[in-house]
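Visitor: Provided herewith: my_file_30.cif, mmCIF, C-alpha atoms.
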```
data_data
#
loop_
_atom_site.label_atom_id
_atom_site.label_comp_id
_atom_site.auth_asym_id
_atom_site.auth_seq_id
_atom_site.Cartn_x
_atom_site.Cartn_y
_atom_site.Cartn_z
CA MET Q 1030 88.02 77.49 145.43
CA VAL Q 1031 89.54 76.22 142.22
CA PRO Q 1032 89.82 72.44 141.99
CA ALA Q 1033 93.41 71.18 142.12
CA ASP Q 1034 93.17 69.48 138.73
CA ARG Q 1035 92.38 72.83 137.03
CA LEU Q 1036 94.78 74.98 139.02
CA PHE Q 1037 97.69 74.99 136.56
CA LYS Q 1038 96.03 73.78 133.39
CA THR Q 1039 95.06 76.09 130.60
CA GLU Q 1040 91.89 75.69 128.65
CA ALA Q 1041 92.22 73.79 125.43
CA ARG Q 1042 92.07 76.06 122.40
CA PRO Q 1043 91.30 75.11 118.87
CA ALA Q 1044 94.38 74.43 116.79
CA ASN Q 1045 93.74 77.40 114.55
CA ALA Q 1046 93.10 79.97 117.31
CA LYS Q 1047 96.50 81.62 116.90
CA ALA Q 1048 96.11 81.67 113.13
CA MET Q 1049 92.66 83.25 113.44
CA GLN Q 1050 94.02 85.88 115.82
CA THR Q 1051 96.90 86.71 113.47
CA ASP Q 1052 94.56 86.77 110.48
CA SER Q 1053 92.13 89.16 112.12
CA ALA Q 1054 94.93 91.46 113.25
CA SER Q 1055 96.50 91.56 109.80
CA ARG Q 1056 93.14 92.16 108.12
CA SER Q 1057 92.41 95.09 110.40
CA ILE Q 1058 95.84 96.60 109.69
CA ILE Q 1059 95.33 96.17 105.95
CA GLU Q 1060 91.89 97.79 106.12
CA VAL Q 1061 93.27 100.79 108.02
CA GLU Q 1062 96.11 101.22 105.51
CA ALA Q 1063 93.71 100.95 102.57
CA ALA Q 1064 91.44 103.59 104.10
CA GLN Q 1065 94.42 105.90 104.62
CA ARG Q 1066 95.55 105.32 101.03
CA ARG Q 1067 92.07 106.11 99.66
CA ALA Q 1068 91.90 109.28 101.77
CA LYS Q 1069 95.32 110.42 100.57
CA THR Q 1070 94.42 109.72 96.94
CA GLU Q 1071 91.21 111.71 97.26
CA ARG Q 1072 93.03 114.60 98.97
CA LEU Q 1073 95.68 114.70 96.22
CA LYS Q 1074 93.01 114.52 93.53
CA GLN Q 1075 91.16 117.49 95.05
CA ALA Q 1076 94.42 119.44 95.28
CA ARG Q 1077 95.24 118.70 91.62
CA ILE Q 1078 91.76 119.77 90.50
CA ALA Q 1079 92.04 123.01 92.51
CA GLN Q 1080 95.47 123.74 91.08
CA GLU Q 1081 94.32 123.11 87.52
CA ALA Q 1082 91.31 125.36 88.06
CA SER Q 1083 93.48 128.23 89.29
CA GLN Q 1084 95.81 128.11 86.28
CA PRO Q 1085 94.76 129.89 83.08
CA VAL Q 1086 93.90 127.71 80.12
CA PRO Q 1087 96.67 127.92 77.54
CA ASP Q 1088 95.72 129.04 74.04
CA ALA Q 1089 95.65 126.45 71.32
CA PRO Q 1090 99.04 126.08 69.65
CA VAL Q 1091 99.37 127.94 66.40
CA LYS Q 1092 100.18 125.70 63.49
CA LYS Q 1093 102.94 126.89 61.22
CA VAL Q 1094 101.96 127.33 57.61
CA ALA Q 1095 104.39 125.78 55.17
CA LYS Q 1096 105.90 128.26 52.76
CA SER Q 1097 105.22 127.60 49.14
CA ARG Q 1098 108.22 126.90 46.98
CA LYS Q 1099 108.99 128.78 43.85
CA LYS Q 1100 109.31 126.71 40.76
CA ASP Q 1101 112.12 127.76 38.48
#
```
If you took the structure in this file and wrote it as structure tokens, what would it be?
Guide:
Amino acid sequence: MVPADRLFKTEARPANAKAMQTDSASRSIIEVEAAQRRAKTERLKQARIAQEASQPVPDAPVKKVAKSRKKD
């Protein structure tokens, strides 16, 4: 049996319990989002490297030679 004085009372919590709960929830969400962002960045980097490897290397640009002027 539960004593009558504790029947409808809730246990006393520290004043910052709700803040700690919110903080831990937000930190876990931020960590998950950061991990997803790092994974996406790595995936895009690998795709860019693969695409660059499959394209032929362009030849070096040919510099135009200035025409000499005739002196009159």
Visitor: Can you tell me how far atom CA of Q:Asn1045 sits from atom CA of Q:Ser1057, in Å to one decimal?
Guide: 18.2 Å
Visitor: For atom CA of Q:Ser1053 and atom CA of Q:Arg1066, quote the distance in Å rounded to one decimal.
Guide: 19.9 Å
Visitor: Work out how far apart atom CA of Q:Glu1060 and atom CA of Q:Ile1078 are and give it in Å to one decimal.
Guide: 27.0 Å
